[in-house]
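Chemist: File name my_file-v4.txt; file contents compact mmCIF, N, CA and C atoms; full text below.
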# COMPACT_ATOMS: atom_id res chain seq x y z
N MET P 1 112.02 13.84 3.89
CA MET P 1 110.96 13.06 3.26
C MET P 1 109.96 14.02 2.62
N PRO P 2 109.56 13.77 1.37
CA PRO P 2 108.60 14.65 0.71
C PRO P 2 107.22 14.57 1.35
N THR P 3 106.46 15.62 1.25
CA THR P 3 105.10 15.67 1.78
C THR P 3 104.20 14.75 0.97
N LYS P 4 103.44 13.91 1.68
CA LYS P 4 102.48 13.04 1.01
C LYS P 4 101.21 13.84 0.77
N THR P 5 100.68 13.77 -0.42
CA THR P 5 99.49 14.54 -0.78
C THR P 5 98.36 13.60 -1.19
N TYR P 6 97.19 13.83 -0.61
CA TYR P 6 95.97 13.12 -0.99
C TYR P 6 95.06 14.13 -1.66
N HIS P 7 94.37 13.71 -2.69
CA HIS P 7 93.45 14.62 -3.38
C HIS P 7 92.10 14.69 -2.68
N ILE P 8 91.67 13.58 -2.10
CA ILE P 8 90.46 13.56 -1.27
C ILE P 8 90.70 12.59 -0.11
N GLY P 9 89.94 12.78 0.96
CA GLY P 9 90.15 12.02 2.18
C GLY P 9 90.03 10.52 2.05
N VAL P 10 89.14 10.07 1.14
CA VAL P 10 88.93 8.62 0.99
C VAL P 10 90.21 7.92 0.54
N GLU P 11 91.11 8.64 -0.13
CA GLU P 11 92.39 8.04 -0.52
C GLU P 11 93.16 7.58 0.71
N ALA P 12 93.16 8.41 1.75
CA ALA P 12 93.86 8.05 2.99
C ALA P 12 93.19 6.86 3.67
N THR P 13 91.86 6.83 3.61
CA THR P 13 91.11 5.71 4.19
C THR P 13 91.44 4.41 3.46
N MET P 14 91.37 4.46 2.13
CA MET P 14 91.59 3.26 1.34
C MET P 14 93.04 2.77 1.41
N GLU P 15 93.96 3.69 1.67
CA GLU P 15 95.36 3.29 1.86
C GLU P 15 95.49 2.34 3.06
N ILE P 16 94.63 2.55 4.06
CA ILE P 16 94.68 1.73 5.27
C ILE P 16 93.78 0.49 5.16
N ILE P 17 92.54 0.66 4.69
CA ILE P 17 91.59 -0.46 4.72
C ILE P 17 91.22 -0.97 3.34
N GLY P 18 91.88 -0.50 2.30
CA GLY P 18 91.56 -0.91 0.94
C GLY P 18 92.01 -2.32 0.64
N GLY P 19 91.65 -2.78 -0.53
CA GLY P 19 92.01 -4.14 -0.95
C GLY P 19 90.85 -5.09 -0.72
N LYS P 20 91.05 -6.31 -1.15
CA LYS P 20 89.99 -7.31 -1.13
C LYS P 20 89.63 -7.78 0.28
N TRP P 21 90.60 -7.88 1.18
CA TRP P 21 90.40 -8.60 2.43
C TRP P 21 90.28 -7.76 3.69
N LYS P 22 90.91 -6.59 3.74
CA LYS P 22 90.99 -5.86 5.01
C LYS P 22 89.63 -5.49 5.58
N SER P 23 88.73 -4.97 4.77
CA SER P 23 87.43 -4.59 5.31
C SER P 23 86.64 -5.81 5.78
N ILE P 24 86.83 -6.95 5.12
CA ILE P 24 86.15 -8.19 5.54
C ILE P 24 86.69 -8.64 6.89
N ILE P 25 88.01 -8.60 7.05
CA ILE P 25 88.63 -8.94 8.34
C ILE P 25 88.11 -8.01 9.42
N LEU P 26 88.09 -6.72 9.14
CA LEU P 26 87.65 -5.74 10.13
C LEU P 26 86.19 -5.92 10.50
N CYS P 27 85.35 -6.27 9.54
CA CYS P 27 83.94 -6.52 9.85
C CYS P 27 83.79 -7.68 10.83
N HIS P 28 84.58 -8.71 10.66
CA HIS P 28 84.53 -9.84 11.60
C HIS P 28 85.03 -9.43 12.98
N LEU P 29 86.08 -8.65 13.03
CA LEU P 29 86.66 -8.24 14.32
C LEU P 29 85.78 -7.22 15.04
N ARG P 30 84.86 -6.56 14.34
CA ARG P 30 83.94 -5.64 15.00
C ARG P 30 83.07 -6.36 16.00
N HIS P 31 82.75 -7.60 15.72
CA HIS P 31 81.83 -8.35 16.56
C HIS P 31 82.50 -8.91 17.81
N HIS P 32 83.75 -9.33 17.69
CA HIS P 32 84.46 -9.87 18.85
C HIS P 32 85.93 -10.16 18.51
N THR P 33 86.71 -10.37 19.54
CA THR P 33 88.11 -10.78 19.39
C THR P 33 88.14 -12.16 18.76
N MET P 34 89.09 -12.36 17.84
CA MET P 34 89.16 -13.65 17.15
C MET P 34 90.59 -14.13 17.05
N ARG P 35 90.74 -15.44 17.04
CA ARG P 35 92.04 -16.06 16.78
C ARG P 35 92.22 -16.19 15.27
N THR P 36 93.46 -16.41 14.84
CA THR P 36 93.76 -16.53 13.42
C THR P 36 92.92 -17.63 12.77
N GLY P 37 92.83 -18.77 13.42
CA GLY P 37 92.06 -19.88 12.87
C GLY P 37 90.58 -19.56 12.73
N GLU P 38 90.03 -18.81 13.69
CA GLU P 38 88.64 -18.40 13.60
C GLU P 38 88.41 -17.49 12.41
N LEU P 39 89.34 -16.56 12.20
CA LEU P 39 89.24 -15.67 11.04
C LEU P 39 89.34 -16.47 9.74
N ALA P 40 90.25 -17.42 9.71
CA ALA P 40 90.42 -18.25 8.51
C ALA P 40 89.15 -19.03 8.20
N ARG P 41 88.47 -19.54 9.23
CA ARG P 41 87.21 -20.27 9.02
C ARG P 41 86.08 -19.32 8.61
N ALA P 42 86.11 -18.10 9.13
CA ALA P 42 85.07 -17.12 8.79
C ALA P 42 85.24 -16.58 7.37
N ILE P 43 86.48 -16.63 6.86
CA ILE P 43 86.78 -16.14 5.51
C ILE P 43 87.49 -17.26 4.76
N PRO P 44 86.77 -18.30 4.37
CA PRO P 44 87.43 -19.49 3.81
C PRO P 44 88.18 -19.25 2.50
N GLN P 45 87.88 -18.17 1.78
CA GLN P 45 88.55 -17.93 0.49
C GLN P 45 89.95 -17.35 0.66
N ILE P 46 90.31 -16.84 1.84
CA ILE P 46 91.61 -16.21 2.04
C ILE P 46 92.66 -17.25 2.40
N SER P 47 93.85 -17.11 1.83
CA SER P 47 94.94 -18.03 2.17
C SER P 47 95.53 -17.63 3.52
N GLN P 48 96.17 -18.56 4.18
CA GLN P 48 96.81 -18.28 5.47
C GLN P 48 97.85 -17.18 5.32
N LYS P 49 98.62 -17.25 4.25
CA LYS P 49 99.67 -16.25 4.00
C LYS P 49 99.06 -14.86 3.86
N MET P 50 97.99 -14.73 3.09
CA MET P 50 97.35 -13.44 2.87
C MET P 50 96.70 -12.93 4.15
N LEU P 51 96.05 -13.82 4.92
CA LEU P 51 95.44 -13.42 6.18
C LEU P 51 96.50 -12.85 7.12
N THR P 52 97.61 -13.55 7.25
CA THR P 52 98.69 -13.08 8.12
C THR P 52 99.23 -11.73 7.65
N GLN P 53 99.43 -11.59 6.36
CA GLN P 53 99.94 -10.33 5.80
C GLN P 53 98.98 -9.18 6.07
N GLN P 54 97.70 -9.40 5.84
CA GLN P 54 96.71 -8.35 6.05
C GLN P 54 96.60 -7.96 7.52
N LEU P 55 96.64 -8.96 8.41
CA LEU P 55 96.60 -8.67 9.85
C LEU P 55 97.82 -7.87 10.28
N ARG P 56 98.98 -8.20 9.75
CA ARG P 56 100.20 -7.45 10.09
C ARG P 56 100.11 -6.00 9.62
N GLU P 57 99.58 -5.79 8.42
CA GLU P 57 99.43 -4.42 7.91
C GLU P 57 98.43 -3.63 8.75
N LEU P 58 97.34 -4.26 9.15
CA LEU P 58 96.36 -3.58 9.99
C LEU P 58 96.92 -3.30 11.38
N GLU P 59 97.75 -4.20 11.87
CA GLU P 59 98.41 -3.99 13.16
C GLU P 59 99.40 -2.82 13.06
N ALA P 60 100.16 -2.77 11.98
CA ALA P 60 101.13 -1.68 11.78
C ALA P 60 100.43 -0.33 11.68
N ALA P 61 99.20 -0.31 11.19
CA ALA P 61 98.43 0.93 11.06
C ALA P 61 97.67 1.26 12.34
N ASN P 62 97.86 0.46 13.39
CA ASN P 62 97.20 0.65 14.69
C ASN P 62 95.67 0.51 14.59
N ILE P 63 95.22 -0.31 13.66
CA ILE P 63 93.78 -0.59 13.50
C ILE P 63 93.41 -1.86 14.27
N VAL P 64 94.35 -2.81 14.27
CA VAL P 64 94.14 -4.10 14.92
C VAL P 64 95.22 -4.31 15.98
N SER P 65 94.82 -4.90 17.08
CA SER P 65 95.74 -5.25 18.16
C SER P 65 95.96 -6.76 18.16
N ARG P 66 97.20 -7.14 18.36
CA ARG P 66 97.58 -8.57 18.40
C ARG P 66 98.01 -8.89 19.82
N HIS P 67 97.37 -9.87 20.43
CA HIS P 67 97.72 -10.26 21.80
C HIS P 67 98.21 -11.71 21.80
N VAL P 68 99.46 -11.89 22.22
CA VAL P 68 100.06 -13.22 22.27
C VAL P 68 100.03 -13.72 23.71
N TYR P 69 99.47 -14.91 23.91
CA TYR P 69 99.43 -15.53 25.22
C TYR P 69 100.62 -16.45 25.37
N LYS P 70 101.28 -16.38 26.50
CA LYS P 70 102.45 -17.23 26.78
C LYS P 70 101.95 -18.59 27.25
N GLN P 71 101.69 -19.46 26.31
CA GLN P 71 101.22 -20.81 26.61
C GLN P 71 101.64 -21.74 25.48
N VAL P 72 101.51 -23.03 25.74
CA VAL P 72 101.84 -24.03 24.73
C VAL P 72 100.58 -24.83 24.46
N PRO P 73 100.13 -24.91 23.21
CA PRO P 73 100.66 -24.21 22.04
C PRO P 73 100.36 -22.71 22.14
N PRO P 74 101.13 -21.89 21.42
CA PRO P 74 100.93 -20.45 21.49
C PRO P 74 99.53 -20.06 21.03
N ARG P 75 98.99 -19.04 21.65
CA ARG P 75 97.66 -18.54 21.28
C ARG P 75 97.78 -17.06 20.97
N VAL P 76 97.21 -16.65 19.85
CA VAL P 76 97.24 -15.25 19.43
C VAL P 76 95.82 -14.81 19.13
N ASP P 77 95.41 -13.69 19.72
CA ASP P 77 94.10 -13.10 19.48
C ASP P 77 94.26 -11.77 18.77
N TYR P 78 93.27 -11.44 17.96
CA TYR P 78 93.23 -10.15 17.28
C TYR P 78 91.94 -9.44 17.64
N SER P 79 92.04 -8.14 17.84
CA SER P 79 90.87 -7.32 18.13
C SER P 79 91.10 -5.93 17.55
N LEU P 80 90.02 -5.16 17.46
CA LEU P 80 90.16 -3.79 16.99
C LEU P 80 90.72 -2.93 18.13
N THR P 81 91.60 -2.02 17.78
CA THR P 81 92.07 -1.02 18.74
C THR P 81 90.96 0.02 18.87
N ASP P 82 91.14 0.96 19.79
CA ASP P 82 90.17 2.06 19.89
C ASP P 82 90.11 2.81 18.56
N TYR P 83 91.27 3.01 17.96
CA TYR P 83 91.34 3.68 16.65
C TYR P 83 90.60 2.86 15.60
N GLY P 84 90.79 1.55 15.62
CA GLY P 84 90.08 0.66 14.69
C GLY P 84 88.58 0.69 14.91
N GLU P 85 88.16 0.82 16.19
CA GLU P 85 86.73 0.90 16.51
C GLU P 85 86.08 2.11 15.84
N SER P 86 86.89 3.15 15.58
CA SER P 86 86.34 4.35 14.94
C SER P 86 85.85 4.06 13.52
N LEU P 87 86.22 2.92 12.96
CA LEU P 87 85.76 2.51 11.63
C LEU P 87 84.43 1.74 11.66
N SER P 88 83.93 1.41 12.84
CA SER P 88 82.74 0.56 12.97
C SER P 88 81.54 1.08 12.20
N GLY P 89 81.26 2.37 12.29
CA GLY P 89 80.11 2.94 11.58
C GLY P 89 80.25 2.80 10.08
N ILE P 90 81.43 3.09 9.58
CA ILE P 90 81.69 2.97 8.13
C ILE P 90 81.53 1.52 7.69
N LEU P 91 82.11 0.60 8.45
CA LEU P 91 82.03 -0.82 8.10
C LEU P 91 80.58 -1.31 8.13
N HIS P 92 79.81 -0.87 9.11
CA HIS P 92 78.40 -1.25 9.18
C HIS P 92 77.66 -0.76 7.93
N GLU P 93 77.90 0.47 7.54
CA GLU P 93 77.24 1.02 6.36
C GLU P 93 77.62 0.24 5.10
N LEU P 94 78.88 -0.18 4.99
CA LEU P 94 79.29 -1.00 3.85
C LEU P 94 78.56 -2.33 3.84
N CYS P 95 78.40 -2.93 5.02
CA CYS P 95 77.67 -4.20 5.12
C CYS P 95 76.21 -4.02 4.70
N VAL P 96 75.57 -2.98 5.21
CA VAL P 96 74.16 -2.73 4.89
C VAL P 96 73.99 -2.47 3.40
N TRP P 97 74.90 -1.69 2.81
CA TRP P 97 74.81 -1.42 1.38
C TRP P 97 74.93 -2.73 0.59
N GLY P 98 75.87 -3.58 0.98
CA GLY P 98 76.03 -4.86 0.30
C GLY P 98 74.80 -5.75 0.44
N GLU P 99 74.19 -5.75 1.63
CA GLU P 99 72.97 -6.53 1.85
C GLU P 99 71.83 -6.02 0.95
N ASP P 100 71.69 -4.70 0.89
CA ASP P 100 70.66 -4.11 0.03
C ASP P 100 70.92 -4.45 -1.45
N ASN P 101 72.18 -4.42 -1.84
CA ASN P 101 72.56 -4.75 -3.20
C ASN P 101 72.18 -6.20 -3.53
N ILE P 102 72.46 -7.10 -2.60
CA ILE P 102 72.12 -8.52 -2.79
C ILE P 102 70.60 -8.67 -2.90
N ASP P 103 69.86 -7.96 -2.03
CA ASP P 103 68.38 -8.03 -2.08
C ASP P 103 67.87 -7.56 -3.45
N ARG P 104 68.43 -6.47 -3.98
CA ARG P 104 68.01 -5.96 -5.29
C ARG P 104 68.30 -6.97 -6.39
N ARG P 105 69.47 -7.58 -6.31
CA ARG P 105 69.86 -8.55 -7.34
C ARG P 105 68.98 -9.80 -7.26
N GLN P 106 68.64 -10.24 -6.04
CA GLN P 106 67.74 -11.38 -5.89
C GLN P 106 66.36 -11.04 -6.46
N ALA P 107 65.88 -9.83 -6.17
CA ALA P 107 64.57 -9.39 -6.67
C ALA P 107 64.55 -9.34 -8.20
N ALA P 108 65.71 -9.11 -8.80
CA ALA P 108 65.81 -9.07 -10.27
C ALA P 108 66.00 -10.47 -10.86
N GLY P 109 65.99 -11.50 -9.99
CA GLY P 109 66.04 -12.87 -10.47
C GLY P 109 67.41 -13.53 -10.42
N GLU P 110 68.43 -12.81 -9.93
CA GLU P 110 69.76 -13.42 -9.86
C GLU P 110 69.80 -14.45 -8.73
N GLU P 111 70.40 -15.59 -9.01
CA GLU P 111 70.56 -16.61 -7.98
C GLU P 111 71.82 -16.27 -7.20
N ILE P 112 71.60 -15.72 -6.03
CA ILE P 112 72.69 -15.23 -5.18
C ILE P 112 72.24 -15.40 -3.73
N SER P 113 73.17 -15.70 -2.84
CA SER P 113 72.79 -15.88 -1.44
C SER P 113 73.74 -15.11 -0.53
N LEU P 114 73.26 -14.85 0.67
CA LEU P 114 74.04 -14.17 1.70
C LEU P 114 73.97 -15.04 2.95
N MET P 115 75.14 -15.42 3.45
CA MET P 115 75.18 -16.36 4.57
C MET P 115 74.80 -15.72 5.91
N SER P 116 75.12 -14.44 6.09
CA SER P 116 74.70 -13.77 7.33
C SER P 116 74.60 -12.27 7.11
N ARG P 117 73.67 -11.68 7.84
CA ARG P 117 73.47 -10.24 7.76
C ARG P 117 74.17 -9.58 8.95
N ASP P 118 74.55 -8.32 8.74
CA ASP P 118 75.23 -7.57 9.80
C ASP P 118 74.23 -7.31 10.93
N ASP P 119 74.62 -7.63 12.16
CA ASP P 119 73.69 -7.45 13.28
C ASP P 119 74.17 -6.40 14.26
N VAL P 120 75.09 -5.56 13.83
CA VAL P 120 75.58 -4.51 14.72
C VAL P 120 74.87 -3.22 14.42
Rewrite the coordinates I just gave you, this time as structure tokens.

Modeler:
Amino acid sequence: MPTKTYHIGVEATMEIIGGKWKSIILCHLRHHTMRTGELARAIPQISQKMLTQQLRELEAANIVSRHVYKQVPPRVDYSLTDYGESLSGILHELCVWGEDNIDRRQAAGEEISLMSRDDV
């Protein structure tokens, strides 16, 4: 197998958490373990298919842990692994930057709202 080369470290980071949905999913999981349905309600714009795909990719990267309970109906929980927890600081900073950006845009007269602020 040829050697994989990154030009800067953020390339390796974005390979794992890049895209529209992964960082949003991870921000929700930073606060607590969640079931698929809870994540879907927290991120109403994501389709079930995309949510499942993103969770599987994060699980394959050892960022998210999937716990299946042997019960009827089946119950599946998702949480951050210890490795995934190492992203908490970065995710918090992204949330704070976004909040500050929204505040600046509101101050400039843009009609924009934020449903919740990061409390971690």

Chemist: Let me make sure I understand: among P:Ala107, P:Ile63, P:Val68, P:Leu114, which one has the smallest atom-to-atom distance to Gly84 in chain P if we use only N, CA and C atoms?

Modeler: P:Ile63

Chemist: Leaving out range 7-23 of chain P and any residue of its chain fewer than 6 positions from it, which residues lie within 8 Å of it when counting all atoms listed in the file, given as number ranges by chain?

Modeler: P: 29, 46, 50-51, 54-55, 57-58, 61, 91

Chemist: In chain P, what's helix (DSSP H, G or I) per DSSP? Answer as a VMD selection string?

Modeler: chain P and resid 9 to 17 22 to 31 36 to 42 48 to 60 82 to 85 88 to 107

Chemist: Quick one, how far is atom N of Asp118 in chain P from atom N of Asp100 in chain P?

Modeler: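 One can read the atom N of Asp118 in chain P to atom N of Asp100 in chain P distance as 9.1 Å.
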
Chemist: Given only N, CA and C atoms as the basis, pick out the residue of P:Glu99, P:Ser79, P:Glu111, P:Glu93 nearest to Arg30 in chain P.

Modeler: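 Using only N, CA and C atoms, Arg30 in chain P sits closest to P:Ser79.
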
Chemist: Taking all atoms of range 15-21 of chain P that the file lists and extending 8 Å past them on each side, where is the centre of the axis-aligned box and how long are its edges? Answer in Å to one decimal, as JSON.

Modeler:
{"center_x": 92.6, "center_y": -2.5, "center_z": 2.1, "size_x": 21.9, "size_y": 28.3, "size_z": 22.4}

Chemist: List every residue of range 55-115 of chain P that DSSP, applied to the backbone of this structure, places in strand (DSSP E), and write the result as number ranges by chain.

Modeler: P: 64-69, 75-80

Chemist: Given the selection you just returned, output its residues as a file containing N, CA and C atoms, formatted as a compact mmCIF listing (two decimals), keeping the file's coordinate frame.

Modeler:
# COMPACT_ATOMS: atom_id res chain seq x y z
N VAL P 64 94.35 -2.81 14.27
CA VAL P 64 94.14 -4.10 14.92
C VAL P 64 95.22 -4.31 15.98
N SER P 65 94.82 -4.90 17.08
CA SER P 65 95.74 -5.25 18.16
C SER P 65 95.96 -6.76 18.16
N ARG P 66 97.20 -7.14 18.36
CA ARG P 66 97.58 -8.57 18.40
C ARG P 66 98.01 -8.89 19.82
N HIS P 67 97.37 -9.87 20.43
CA HIS P 67 97.72 -10.26 21.80
C HIS P 67 98.21 -11.71 21.80
N VAL P 68 99.46 -11.89 22.22
CA VAL P 68 100.06 -13.22 22.27
C VAL P 68 100.03 -13.72 23.71
N TYR P 69 99.47 -14.91 23.91
CA TYR P 69 99.43 -15.53 25.22
C TYR P 69 100.62 -16.45 25.37
N ARG P 75 98.99 -19.04 21.65
CA ARG P 75 97.66 -18.54 21.28
C ARG P 75 97.78 -17.06 20.97
N VAL P 76 97.21 -16.65 19.85
CA VAL P 76 97.24 -15.25 19.43
C VAL P 76 95.82 -14.81 19.13
N ASP P 77 95.41 -13.69 19.72
CA ASP P 77 94.10 -13.10 19.48
C ASP P 77 94.26 -11.77 18.77
N TYR P 78 93.27 -11.44 17.96
CA TYR P 78 93.23 -10.15 17.28
C TYR P 78 91.94 -9.44 17.64
N SER P 79 92.04 -8.14 17.84
CA SER P 79 90.87 -7.32 18.13
C SER P 79 91.10 -5.93 17.55
N LEU P 80 90.02 -5.16 17.46
CA LEU P 80 90.16 -3.79 16.99
C LEU P 80 90.72 -2.93 18.13
